[in-house]
file entry_22.tsv (TSV, C-alpha atoms and all ligand atoms)
chain	number	residue	atom	x	y	z
C	1	MET	CA	-25.61	-5.84	-16.50
C	2	PHE	CA	-28.50	-7.97	-17.47
C	3	PRO	CA	-29.85	-7.57	-20.97
C	4	ASN	CA	-33.19	-6.06	-19.98
C	5	SER	CA	-31.39	-2.84	-19.22
C	6	TRP	CA	-30.01	-2.87	-22.74
C	7	PHE	CA	-33.42	-2.68	-24.35
C	8	ARG	CA	-35.18	-0.77	-21.60
C	9	PRO	CA	-34.64	2.54	-23.38
C	10	PHE	CA	-36.72	1.14	-26.24
C	11	ILE	CA	-39.55	0.41	-23.83
C	12	LEU	CA	-39.29	3.49	-21.72
C	13	PRO	CA	-37.96	6.17	-24.03
C	14	ALA	CA	-40.09	8.90	-22.51
C	15	CYS	CA	-38.89	7.99	-19.03
C	16	VAL	CA	-35.31	8.06	-20.13
C	17	LEU	CA	-35.77	11.48	-21.66
C	18	LEU	CA	-37.54	12.84	-18.62
C	19	GLN	CA	-35.40	11.33	-15.93
C	20	ASN	CA	-33.44	13.66	-13.73
C	21	ARG	CA	-29.92	12.44	-14.22
C	22	PRO	CA	-26.63	14.13	-14.90
C	23	THR	CA	-25.98	14.80	-18.54
C	24	VAL	CA	-22.67	14.89	-20.28
C	25	THR	CA	-22.17	17.03	-23.35
C	26	SER	CA	-20.34	15.64	-26.32
C	27	GLU	CA	-17.74	18.34	-25.78
C	28	GLN	CA	-17.22	17.22	-22.20
C	29	LYS	CA	-16.98	13.59	-23.27
C	30	GLN	CA	-14.43	14.40	-25.89
C	31	LYS	CA	-12.46	16.39	-23.35
C	32	SER	CA	-12.63	13.58	-20.86
C	33	LEU	CA	-11.61	10.98	-23.36
C	34	THR	CA	-8.86	12.81	-25.16
C	35	LYS	CA	-5.87	10.66	-24.40
C	36	GLY	CA	-3.16	12.39	-22.45
C	37	SER	CA	-5.34	15.26	-21.28
C	38	HIS	CA	-8.27	13.54	-19.58
C	39	LEU	CA	-6.75	13.47	-16.15
C	40	GLU	CA	-5.63	17.05	-16.19
C	41	SER	CA	-8.97	18.29	-17.46
C	42	CYS	CA	-11.06	16.23	-15.07
C	43	ILE	CA	-9.00	16.24	-11.93
C	44	PRO	CA	-7.22	19.53	-11.67
C	45	LEU	CA	-6.45	19.24	-7.95
C	46	LEU	CA	-5.99	15.52	-7.52
C	47	THR	CA	-2.96	13.34	-7.65
C	48	MET	CA	-2.60	12.32	-11.24
C	49	ALA	CA	-3.18	8.72	-12.13
C	50	LYS	CA	0.08	7.23	-13.24
C	51	ALA	CA	-0.17	5.57	-16.59
C	52	SER	CA	1.26	2.09	-16.37
C	53	GLU	CA	4.12	1.22	-18.62
C	54	SER	CA	2.68	-1.11	-21.20
C	55	LYS	CA	4.21	-4.37	-20.03
C	56	PRO	CA	4.30	-7.26	-22.46
C	57	GLY	CA	1.57	-9.77	-21.70
C	58	LEU	CA	-0.85	-7.27	-20.16
C	59	THR	CA	-4.03	-6.81	-22.17
C	60	HIS	CA	-5.52	-3.36	-22.73
C	61	ALA	CA	-8.87	-2.27	-24.18
C	62	PRO	CA	-8.14	-0.28	-27.35
C	63	PHE	CA	-9.84	3.15	-27.66
C	64	LYS	CA	-10.92	3.76	-31.26
C	65	ASN	CA	-13.31	6.30	-32.76
C	66	GLY	CA	-14.52	7.43	-29.36
C	67	ARG	CA	-15.26	3.96	-27.99
C	68	PHE	CA	-13.38	1.30	-26.06
C	69	GLU	CA	-13.17	-2.13	-27.65
C	70	ASN	CA	-13.53	-5.36	-25.73
C	71	PRO	CA	-10.28	-7.23	-26.46
C	72	TRP	CA	-11.35	-10.70	-25.32
C	73	PRO	CA	-11.97	-13.17	-28.17
C	74	ASN	CA	-14.89	-14.85	-26.35
C	75	PHE	CA	-16.87	-11.59	-25.98
C	76	GLN	CA	-20.06	-11.38	-27.99
C	77	THR	CA	-21.79	-8.04	-28.35
C	78	PRO	CA	-25.48	-8.36	-27.37
C	79	SER	CA	-27.67	-7.96	-30.46
C	80	VAL	CA	-31.35	-7.19	-30.99
C	81	THR	CA	-31.87	-10.83	-32.07
C	82	HIS	CA	-30.43	-11.95	-28.75
C	83	ILE	CA	-32.78	-9.67	-26.89
C	84	PHE	CA	-35.88	-11.03	-28.60
C	85	SER	CA	-34.73	-14.62	-28.02
C	86	LEU	CA	-34.08	-13.77	-24.41
C	87	MET	CA	-37.61	-12.49	-23.89
C	88	ARG	CA	-38.86	-16.00	-24.69
C	89	THR	CA	-36.61	-17.62	-22.05
C	90	LYS	CA	-38.46	-19.45	-19.31
C	91	ASP	CA	-38.23	-17.71	-15.93
C	92	LEU	CA	-36.94	-20.18	-13.33
C	93	SER	CA	-36.18	-17.61	-10.62
C	94	LYS	CA	-39.12	-18.55	-8.32
C	95	ILE	CA	-38.52	-15.70	-5.88
C	96	PRO	CA	-40.76	-16.45	-2.88
C	97	PRO	CA	-42.74	-14.16	-0.58
C	98	LYS	CA	-40.87	-12.03	1.98
C	99	LYS	CA	-41.37	-14.40	4.92
C	100	ASP	CA	-39.59	-17.17	3.01
C	101	LEU	CA	-36.91	-14.79	1.80
C	102	ASP	CA	-36.24	-13.75	5.39
C	103	LYS	CA	-35.27	-17.36	6.10
C	104	ALA	CA	-33.42	-18.11	2.86
C	105	LEU	CA	-31.61	-14.79	2.55
C	106	PRO	CA	-31.69	-13.11	5.97
C	107	ILE	CA	-30.80	-9.45	6.24
C	108	ILE	CA	-28.60	-8.60	9.23
C	109	THR	CA	-28.48	-5.05	10.56
C	110	PRO	CA	-24.75	-4.27	10.60
C	111	ASP	CA	-23.13	-2.70	13.65
C	112	PHE	CA	-20.73	-0.35	11.92
C	113	ARG	CA	-18.96	0.46	15.20
C	114	GLU	CA	-16.86	-2.55	14.21
C	115	PHE	CA	-15.38	-0.32	11.50
C	116	ASP	CA	-14.02	2.13	14.09
C	117	THR	CA	-10.70	0.27	14.03
C	118	SER	CA	-9.12	-1.41	11.02
C	119	PRO	CA	-8.37	-5.11	11.59
C	120	SER	CA	-4.72	-5.90	12.28
C	121	SER	CA	-5.01	-9.11	10.30
C	122	GLY	CA	-7.37	-9.94	7.43
C	123	VAL	CA	-10.04	-7.89	5.69
C	124	ARG	CA	-13.24	-6.75	7.36
C	125	VAL	CA	-16.11	-7.17	4.91
C	126	CYS	CA	-19.81	-6.39	4.86
C	127	TRP	CA	-21.91	-7.32	1.82
C	128	LEU	CA	-24.54	-4.61	1.30
C	129	GLY	CA	-26.29	-6.54	-1.48
C	130	HIS	CA	-25.63	-7.07	-5.20
C	131	ALA	CA	-22.11	-5.75	-5.98
C	132	SER	CA	-22.01	-3.29	-3.05
C	133	VAL	CA	-19.31	-4.36	-0.61
C	134	LEU	CA	-17.74	-2.46	2.26
C	135	VAL	CA	-14.19	-3.56	3.06
C	136	GLN	CA	-11.63	-2.38	5.56
C	137	PHE	CA	-7.97	-3.36	5.88
C	138	ASP	CA	-4.59	-1.67	6.32
C	139	ASN	CA	-6.36	1.42	7.74
C	140	ILE	CA	-8.42	2.05	4.62
C	141	THR	CA	-12.17	1.63	4.10
C	142	VAL	CA	-13.49	1.14	0.57
C	143	LEU	CA	-17.02	0.80	-0.81
C	144	THR	CA	-17.66	-0.90	-4.16
C	145	ASP	CA	-20.43	-0.19	-6.72
C	146	PRO	CA	-22.91	1.31	-4.22
C	147	ILE	CA	-26.61	0.86	-4.94
C	148	PHE	CA	-29.23	1.60	-2.29
C	149	SER	CA	-32.14	2.33	-4.66
C	150	GLN	CA	-35.18	0.10	-5.06
C	151	TYR	CA	-34.75	-0.21	-8.83
C	152	CYS	CA	-31.61	-0.61	-10.94
C	153	SER	CA	-33.05	1.29	-13.83
C	154	PRO	CA	-33.10	4.76	-15.40
C	155	VAL	CA	-36.28	5.38	-13.41
C	156	GLN	CA	-37.43	4.52	-9.90
C	157	PHE	CA	-40.87	3.16	-10.79
C	158	ALA	CA	-40.03	0.44	-13.31
C	159	GLY	CA	-37.30	-2.02	-14.15
C	160	PRO	CA	-35.56	-4.70	-12.07
C	161	LYS	CA	-36.69	-4.23	-8.48
C	162	ARG	CA	-35.03	-5.33	-5.30
C	163	TYR	CA	-36.38	-8.36	-3.53
C	164	ARG	CA	-33.89	-7.91	-0.66
C	165	ASP	CA	-33.58	-4.45	0.90
C	166	PRO	CA	-30.21	-2.88	1.69
C	167	PRO	CA	-29.18	-3.82	5.25
C	168	CYS	CA	-28.55	-0.16	6.09
C	169	THR	CA	-28.99	3.35	4.78
C	170	ILE	CA	-26.25	5.59	3.46
C	171	GLU	CA	-26.62	7.63	6.64
C	172	ASP	CA	-25.72	4.54	8.70
C	173	LEU	CA	-22.41	3.95	6.91
C	174	PRO	CA	-19.11	4.49	8.74
C	175	VAL	CA	-16.25	6.69	7.53
C	176	ILE	CA	-15.28	5.64	4.02
C	177	ASP	CA	-12.08	6.66	2.25
C	178	ALA	CA	-12.89	5.72	-1.33
C	179	VAL	CA	-15.58	4.30	-3.58
C	180	VAL	CA	-14.57	2.20	-6.58
C	181	ILE	CA	-16.93	1.87	-9.56
C	182	SER	CA	-16.61	-1.04	-12.00
C	183	HIS	CA	-18.74	0.35	-14.86
C	184	ASN	CA	-21.77	2.43	-15.67
C	185	HIS	CA	-24.62	-0.11	-15.89
C	186	TYR	CA	-27.54	0.85	-13.68
C	187	ASP	CA	-27.02	-1.97	-11.19
C	188	HIS	CA	-23.46	-0.78	-10.53
C	189	LEU	CA	-23.66	2.99	-10.93
C	190	ASP	CA	-26.78	4.31	-9.22
C	191	VAL	CA	-27.23	8.05	-9.55
C	192	ASN	CA	-29.26	8.41	-6.34
C	193	SER	CA	-26.67	6.54	-4.29
C	194	VAL	CA	-23.82	8.56	-5.80
C	195	LYS	CA	-25.56	11.83	-4.99
C	196	ASP	CA	-26.49	10.75	-1.46
C	197	LEU	CA	-22.98	9.50	-0.73
C	198	ASN	CA	-21.56	12.74	-2.07
C	199	LYS	CA	-23.97	14.69	0.11
C	200	LYS	CA	-22.89	12.75	3.19
C	201	TYR	CA	-19.12	12.62	2.64
C	202	GLY	CA	-18.41	15.52	0.23
C	203	GLU	CA	-14.74	16.09	-0.44
C	204	GLY	CA	-13.78	13.59	2.24
C	205	LEU	CA	-14.54	10.81	-0.23
C	206	TYR	CA	-12.51	9.79	-3.28
C	207	TRP	CA	-14.22	8.24	-6.31
C	208	VAL	CA	-12.03	5.87	-8.30
C	209	VAL	CA	-13.67	5.11	-11.64
C	210	PRO	CA	-12.96	3.61	-15.08
C	211	MET	CA	-11.59	5.86	-17.80
C	212	GLY	CA	-14.20	8.18	-19.27
C	213	LEU	CA	-16.53	8.27	-16.26
C	214	ALA	CA	-15.08	11.25	-14.38
C	215	THR	CA	-17.22	13.83	-16.17
C	216	TRP	CA	-20.41	11.97	-15.23
C	217	MET	CA	-19.28	11.76	-11.63
C	218	ARG	CA	-18.43	15.44	-11.50
C	219	ASP	CA	-21.86	16.26	-12.94
C	220	CYS	CA	-23.27	14.45	-9.89
C	221	GLY	CA	-21.30	16.90	-7.75
C	222	CYS	CA	-18.43	14.57	-6.81
C	223	LYS	CA	-15.22	16.56	-6.40
C	224	ASN	CA	-12.44	14.03	-5.85
C	225	VAL	CA	-12.67	11.81	-8.90
C	226	VAL	CA	-9.88	9.88	-10.56
C	227	GLU	CA	-10.38	7.84	-13.71
C	228	LEU	CA	-8.02	5.05	-14.67
C	229	GLU	CA	-7.39	2.74	-17.59
C	230	TRP	CA	-6.56	-0.94	-17.12
C	231	TRP	CA	-3.30	-1.38	-15.20
C	232	ASP	CA	-3.12	2.30	-14.14
C	233	LYS	CA	-2.37	2.84	-10.46
C	234	TRP	CA	-3.35	5.60	-8.08
C	235	SER	CA	-3.18	6.38	-4.36
C	236	ILE	CA	-5.11	8.74	-2.14
C	237	PRO	CA	-2.86	11.77	-1.54
C	238	GLY	CA	-0.88	11.15	1.63
C	239	ARG	CA	-1.86	7.45	1.61
C	240	GLU	CA	0.67	6.20	-0.91
C	241	GLU	CA	1.04	2.89	0.95
C	242	VAL	CA	-2.28	1.77	-0.54
C	243	LYS	CA	-2.59	1.51	-4.32
C	244	PHE	CA	-5.79	1.32	-6.36
C	245	VAL	CA	-5.16	-0.54	-9.61
C	246	SER	CA	-7.66	-0.68	-12.46
C	247	THR	CA	-7.61	-4.24	-13.73
C	248	PRO	CA	-9.35	-5.88	-16.72
C	249	SER	CA	-12.78	-7.46	-16.90
C	250	ASN	CA	-14.81	-8.92	-19.76
C	251	HIS	CA	-17.83	-6.68	-20.05
C	252	TRP	CA	-19.22	-3.61	-21.77
C	253	CYS	CA	-20.86	-0.27	-20.96
C	254	ASN	CA	-23.97	1.67	-21.79
C	255	ARG	CA	-26.66	3.71	-20.06
C	256	GLY	CA	-28.65	4.69	-23.14
C	257	LEU	CA	-29.08	3.90	-26.79
C	258	PHE	CA	-26.05	5.58	-28.28
C	259	ASP	CA	-23.30	5.48	-25.66
C	260	ARG	CA	-22.09	1.91	-25.91
C	261	ASN	CA	-18.48	1.56	-24.66
C	262	LYS	CA	-17.84	5.30	-24.64
C	263	VAL	CA	-16.46	4.72	-21.17
C	264	LEU	CA	-14.35	1.83	-19.93
C	265	TRP	CA	-15.28	-1.03	-17.58
C	266	CYS	CA	-12.91	-2.75	-15.16
C	267	SER	CA	-12.26	-4.74	-12.03
C	268	TRP	CA	-10.16	-3.33	-9.17
C	269	ALA	CA	-7.19	-4.44	-7.13
C	270	VAL	CA	-6.62	-2.52	-3.90
C	271	ILE	CA	-3.09	-3.23	-2.73
C	272	GLY	CA	-2.17	-2.37	0.84
C	273	PRO	CA	1.14	-2.90	2.65
C	274	SER	CA	-0.16	-6.04	4.39
C	275	HIS	CA	-3.33	-7.11	2.57
C	276	ARG	CA	-4.75	-7.20	-0.93
C	277	PHE	CA	-8.39	-6.94	-2.01
C	278	PHE	CA	-9.84	-7.73	-5.44
C	279	PHE	CA	-13.23	-6.53	-6.69
C	280	GLY	CA	-14.50	-8.36	-9.79
C	281	GLY	CA	-17.39	-5.99	-10.58
C	282	ASP	CA	-19.35	-7.53	-13.46
C	283	THR	CA	-17.66	-9.84	-15.92
C	284	GLY	CA	-17.60	-12.81	-18.20
C	285	TYR	CA	-14.62	-15.09	-17.95
C	286	CYS	CA	-11.42	-14.05	-19.71
C	287	THR	CA	-7.71	-14.73	-19.56
C	288	GLY	CA	-7.24	-11.29	-18.01
C	289	PHE	CA	-7.74	-12.85	-14.58
C	290	LYS	CA	-4.57	-14.90	-14.99
C	291	GLU	CA	-2.78	-11.65	-15.86
C	292	ILE	CA	-4.19	-10.05	-12.68
C	293	GLY	CA	-3.10	-13.02	-10.59
C	294	ASN	CA	0.41	-12.89	-12.06
C	295	GLU	CA	0.73	-9.14	-11.51
C	296	TYR	CA	-1.01	-8.62	-8.17
C	297	GLY	CA	-1.93	-11.94	-6.60
C	298	PRO	CA	-2.31	-13.48	-4.16
C	299	PHE	CA	-5.33	-11.60	-2.78
C	300	ASP	CA	-6.40	-11.95	0.85
C	301	LEU	CA	-10.03	-11.29	-0.05
C	302	SER	CA	-11.88	-11.09	-3.34
C	303	ALA	CA	-15.46	-10.16	-4.19
C	304	ILE	CA	-16.35	-12.14	-7.31
C	305	PRO	CA	-19.70	-12.16	-9.16
C	306	ILE	CA	-21.56	-15.48	-9.12
C	307	GLY	CA	-25.08	-14.59	-10.33
C	308	ALA	CA	-27.13	-13.32	-13.30
C	309	TYR	CA	-25.81	-15.95	-15.71
C	310	TYR	CA	-28.83	-17.61	-17.28
C	311	PRO	CA	-29.44	-18.33	-20.17
C	312	ARG	CA	-25.83	-19.22	-20.87
C	313	TRP	CA	-26.03	-18.85	-24.66
C	314	PHE	CA	-26.52	-15.15	-24.07
C	315	MET	CA	-24.87	-14.44	-20.71
C	316	LYS	CA	-21.68	-16.45	-21.04
C	317	SER	CA	-19.63	-13.65	-22.54
C	318	ILE	CA	-20.74	-10.96	-20.06
C	319	HIS	CA	-21.53	-12.73	-16.75
C	320	VAL	CA	-19.65	-15.64	-15.18
C	321	ASN	CA	-21.49	-18.56	-13.61
C	322	PRO	CA	-20.30	-20.06	-10.30
C	323	GLU	CA	-17.95	-22.52	-12.04
C	324	GLU	CA	-16.24	-19.67	-13.89
C	325	ALA	CA	-16.21	-17.59	-10.69
C	326	VAL	CA	-14.21	-20.40	-9.06
C	327	GLN	CA	-11.85	-20.31	-12.03
C	328	ILE	CA	-11.37	-16.55	-11.46
C	329	HIS	CA	-10.73	-17.24	-7.75
C	330	GLN	CA	-7.97	-19.62	-8.79
C	331	ASP	CA	-6.60	-17.42	-11.59
C	332	ILE	CA	-6.15	-14.37	-9.38
C	333	ARG	CA	-4.78	-16.55	-6.54
C	334	SER	CA	-7.42	-15.50	-4.05
C	335	LYS	CA	-7.06	-16.89	-0.53
C	336	THR	CA	-10.68	-16.16	0.36
C	337	SER	CA	-13.52	-15.02	-1.89
C	338	VAL	CA	-17.07	-13.84	-1.34
C	339	GLY	CA	-19.77	-14.29	-3.99
C	340	ILE	CA	-21.52	-11.07	-5.09
C	341	HIS	CA	-23.94	-10.00	-7.85
C	342	TRP	CA	-26.73	-12.30	-6.72
C	343	GLY	CA	-29.56	-12.51	-4.20
C	344	THR	CA	-30.68	-8.88	-4.44
C	345	PHE	CA	-32.29	-7.84	-7.73
C	346	LYS	CA	-34.30	-10.00	-10.09
C	347	MET	CA	-32.07	-9.71	-13.11
C	348	THR	CA	-32.01	-12.99	-14.98
C	349	SER	CA	-33.94	-16.22	-15.04
C	350	GLU	CA	-31.91	-18.74	-12.99
C	351	HIS	CA	-33.42	-19.86	-9.66
C	352	TYR	CA	-32.73	-17.16	-7.08
C	353	LEU	CA	-30.71	-19.51	-4.82
C	354	GLU	CA	-28.91	-21.38	-7.59
C	355	PRO	CA	-25.76	-19.17	-7.57
C	356	LYS	CA	-25.15	-20.03	-3.90
C	357	GLU	CA	-25.79	-23.74	-4.40
C	358	LYS	CA	-23.77	-24.04	-7.61
C	359	LEU	CA	-20.90	-22.17	-5.96
C	360	LYS	CA	-20.69	-24.82	-3.25
C	361	GLU	CA	-20.70	-27.57	-5.88
C	362	ALA	CA	-18.05	-25.84	-8.00
C	363	ALA	CA	-15.79	-25.21	-4.99
C	364	THR	CA	-16.06	-28.87	-3.98
C	365	GLU	CA	-15.45	-30.00	-7.56
C	366	GLN	CA	-12.23	-27.98	-7.66
C	367	ASN	CA	-11.16	-29.21	-4.20
C	368	LEU	CA	-10.96	-25.69	-2.79
C	369	PRO	CA	-10.15	-25.59	0.93
C	370	PRO	CA	-13.32	-25.28	3.07
C	371	ASP	CA	-14.67	-21.73	3.37
C	372	SER	CA	-12.26	-20.35	0.80
C	373	PHE	CA	-15.08	-19.20	-1.54
C	374	ILE	CA	-18.28	-18.47	0.35
C	375	THR	CA	-21.47	-16.47	0.31
C	376	VAL	CA	-22.37	-14.26	3.26
C	377	ASN	CA	-25.64	-12.84	4.54
C	378	HIS	CA	-26.67	-9.31	3.63
C	379	GLY	CA	-25.26	-6.94	6.25
C	380	ASP	CA	-23.29	-9.53	8.20
C	381	ILE	CA	-19.79	-8.32	9.10
C	382	HIS	CA	-16.89	-10.78	8.90
C	383	ILE	CA	-13.13	-10.61	9.04
C	384	LEU	CA	-11.84	-12.92	6.32
C	385	GLY	CA	-8.44	-13.78	4.91
C	386	ARG	CA	-6.69	-13.50	8.27
C	387	ASP	CA	-2.99	-14.26	8.24
C	388	THR	CA	-3.55	-17.00	10.81
C	389	TYR	CA	-7.06	-17.80	9.75
C	390	THR	CA	-8.67	-20.66	11.61
C	391	GLU	CA	-12.39	-20.21	11.58
C	392	MET	CA	-15.09	-17.86	10.36
C	393	ASP	CA	-15.18	-14.64	12.33
L	1	ZN	ZN	-22.93	-4.75	-16.25
L	2	ZN	ZN	-24.31	-6.23	-13.07

call {"tool": "encode", "arguments": {"input": "entry_22.tsv", "output": "structure tokens", "more": "lines below"}}
Ligand code: ZN
Ligand code: ZN
result
Amino acid sequence: MFPNSWFRPFILPACVLLQNRPTVTSEQKQKSLTKGSHLESCIPLLTMAKASESKPGLTHAPFKNGRFENPWPNFQTPSVTHIFSLMRTKDLSKIPPKKDLDKALPIITPDFREFDTSPSSGVRVCWLGHASVLVQFDNITVLTDPIFSQYCSPVQFAGPKRYRDPPCTIEDLPVIDAVVISHNHYDHLDVNSVKDLNKKYGEGLYWVVPMGLATWMRDCGCKNVVELEWWDKWSIPGREEVKFVSTPSNHWCNRGLFDRNKVLWCSWAVIGPSHRFFFGGDTGYCTGFKEIGNEYGPFDLSAIPIGAYYPRWFMKSIHVNPEEAVQIHQDIRSKTSVGIHWGTFKMTSEHYLEPKEKLKEAATEQNLPPDSFITVNHGDIHILGRDTYTEMD
């Protein structure tokens, strides 16, 4: 998440205290995070997540004194000094009025009847803005980091606001089997969206979340929640042919002042019998992506963050830029990738179209095949990563 959210509680302490959001007691947190018992205590009726055997060469995030530790040497914990320096950074975003945005970043109204039948080849994908992506392949439909709110903030009257609306409402969405969550920052875990999705789908929807987040989800009313540590695998009961694998990312977690890294953060690999999808979530670069590529690549489709990276002196360890996104694409052995985490909320100070432009340059620089790492319009539905892929759907 962008750093503003880190210091927002300082600016809006009263709002944070007054906001209507699920609360987690320290007892619940302890219960959820007690190793070896968290799954049983949080998911009494669900298929248990299978702890991965600790294979040599696979990095894990250590859990010490109630907090996860970022294991990547290039990670730098944001400090108060950073925050004050950041506030003096020049804003180059230059987000134009709506009529110009409609041309530069058009919003397409998706026809979700296309999701009535899973594609026989490739992955059907619809970018819903920011890191929210709807994908369908191998008879499974998955939604990532859903946010439909106007603000990614503890409150809905202040904070980073959307400049591009969601292309649909939650009511419009087709049948979804599972939602994966990458971490608990406000732009990736939106309480209103979670509650509205839960209201619409109820127990028909599975929530696959990083370790430590199940209690929060259950406090939102979600019933089918499974929490996984890096490299753990899980399948929807009766759908064992598709595996959800929690995979590493280089990031951190917090929603308030005192909860830093009390829950884990991750990326996700969804492995079907014929196709593989990777969701990068929110991340700085790290060698973990080579590990993911070795273990689970190649991926037919990947959603990789490309935005919210400026200024680099601060963002480099928590958000990749387009060049590093291309490196991730190569590390995980992605056949086709779509850029996410840009073009929706005003989060950082790079020009609002720069992620898209720099991605093209970086892909050319690395001699990627044409259309192998692209951006798509909000709401536009494509089938990408087809086995005999010839042209854009
Ligand atoms: Zn984040
Ligand atoms: Zn983010």

call {"tool": "closest_residue", "arguments": {"input": "entry_22.tsv", "among": "C:Lys335, C:His183, C:Lys94, C:His275", "to": "Lys243 (chain C)", "atoms": "all atoms listed in the file"}}
result
C:His275

call {"tool": "residues_near_ligand", "arguments": {"input": "entry_22.tsv", "ligand": "ligand ZN 1 (chain L)", "cutoff": "12 Å", "atoms": "all atoms listed in the file", "output": "PyMOL selection string"}}
result
chain C and resi 1-6+78+130-131+145+152+181-189+249-255+260-261+264-267+280-284+305+307-309+315+317-320+341+347

call {"tool": "closest_residue", "arguments": {"input": "entry_22.tsv", "among": "C:Ser302, C:Gln366, C:Ser132, C:Asn294", "to": "ligand ZN 2 (chain L)", "atoms": "all atoms listed in the file"}}
result
C:Ser132

call {"tool": "closest_residue", "arguments": {"input": "entry_22.tsv", "among": "C:Val194, C:Tyr201, C:Pro146, C:Ser334", "to": "ligand ZN 2 (chain L)", "atoms": "only C-alpha atoms and all ligand atoms"}}
result
C:Pro146

call {"tool": "closest_residue", "arguments": {"input": "entry_22.tsv", "among": "C:Leu58, C:Ile140, C:Leu134, C:Cys220", "to": "Glu295 (chain C)", "atoms": "only C-alpha atoms"}}
result
C:Leu58

call {"tool": "atom_distance", "arguments": {"input": "entry_22.tsv", "atom1": "CA of Arg113 (chain C)", "atom2": "CA of Asp177 (chain C)"}}
result
15.9 Å

call {"tool": "residues_near_point", "arguments": {"input": "entry_22.tsv", "point": "(-12.3, 0.2, 8.7)", "cutoff": "12 Å", "atoms": "only C-alpha atoms", "output": "ChimeraX atom specification"}}
result
/C:112-126,134-143,173-178,381-383

call {"tool": "atom_distance", "arguments": {"input": "entry_22.tsv", "atom1": "CA of Lys223 (chain C)", "atom2": "CA of Thr144 (chain C)"}}
result
17.8 Å

call {"tool": "atom_distance", "arguments": {"input": "entry_22.tsv", "atom1": "CA of Glu291 (chain C)", "atom2": "CA of Gln76 (chain C)"}}
result
21.1 Å

call {"tool": "closest_residue", "arguments": {"input": "entry_22.tsv", "among": "C:Gly212, C:Pro56, C:Gly129, C:Gly272", "to": "ligand ZN 2 (chain L)", "atoms": "only C-alpha atoms and all ligand atoms"}}
result
C:Gly129

call {"tool": "closest_residue", "arguments": {"input": "entry_22.tsv", "among": "C:Gln327, C:Ser153, C:Ser337, C:Ser235", "to": "ligand ZN 2 (chain L)", "atoms": "all atoms listed in the file"}}
result
C:Ser153

call {"tool": "residues_around", "arguments": {"input": "entry_22.tsv", "residues": "Lys356 (chain C)", "least_positions_apart": "4", "cutoff": "10 Å", "atoms": "all atoms listed in the file", "output": "list of chain:residue names"}}
result
C:Ile306, C:Gly307, C:Pro322, C:Gly339, C:Ile340, C:Trp342, C:Gly343, C:Tyr352, C:Lys360, C:Glu361, C:Ile374, C:Thr375, C:Val376

call {"tool": "residues_near_point", "arguments": {"input": "entry_22.tsv", "point": "(-28.4, -16.4, -27.2)", "cutoff": "6 Å", "atoms": "only C-alpha atoms", "output": "list in words"}}
result
His82, Trp313 and Phe314 of chain C

call {"tool": "decode", "arguments": {"input": "entry_22.tsv", "residues": "region 328-339 of chain C", "atoms": "N, CA and C atoms", "output": "CSV table (one decimal), in the first residue's frame"}}
result
chain,number,residue,atom,x,y,z
C,328,ILE,N,9.6,-9.9,-12.8
C,328,ILE,CA,8.7,-10.9,-12.2
C,328,ILE,C,8.1,-11.8,-13.2
C,329,HIS,N,7.6,-11.2,-14.3
C,329,HIS,CA,7.0,-11.9,-15.4
C,329,HIS,C,8.0,-13.0,-15.9
C,330,GLN,N,9.2,-12.6,-16.0
C,330,GLN,CA,10.2,-13.6,-16.5
C,330,GLN,C,10.6,-14.6,-15.4
C,331,ASP,N,10.7,-14.1,-14.2
C,331,ASP,CA,11.1,-15.0,-13.1
C,331,ASP,C,10.0,-16.2,-12.9
C,332,ILE,N,8.7,-15.8,-12.9
C,332,ILE,CA,7.7,-16.8,-12.7
C,332,ILE,C,7.4,-17.6,-13.9
C,333,ARG,N,8.0,-17.2,-15.1
C,333,ARG,CA,7.8,-17.9,-16.4
C,333,ARG,C,6.3,-17.7,-16.8
C,334,SER,N,5.9,-16.5,-16.8
C,334,SER,CA,4.5,-16.2,-17.2
C,334,SER,C,4.4,-16.1,-18.8
C,335,LYS,N,3.4,-16.8,-19.3
C,335,LYS,CA,3.3,-16.7,-20.8
C,335,LYS,C,2.6,-15.3,-21.2
C,336,THR,N,1.6,-15.0,-20.4
C,336,THR,CA,0.9,-13.7,-20.6
C,336,THR,C,0.7,-13.0,-19.3
C,337,SER,N,0.9,-11.7,-19.2
C,337,SER,CA,0.7,-11.0,-18.0
C,337,SER,C,-0.1,-9.7,-18.2
C,338,VAL,N,-0.9,-9.3,-17.2
C,338,VAL,CA,-1.7,-8.1,-17.3
C,338,VAL,C,-1.2,-7.2,-16.1
C,339,GLY,N,-1.0,-5.9,-16.4
C,339,GLY,CA,-0.6,-5.0,-15.4
C,339,GLY,C,-1.7,-4.6,-14.5
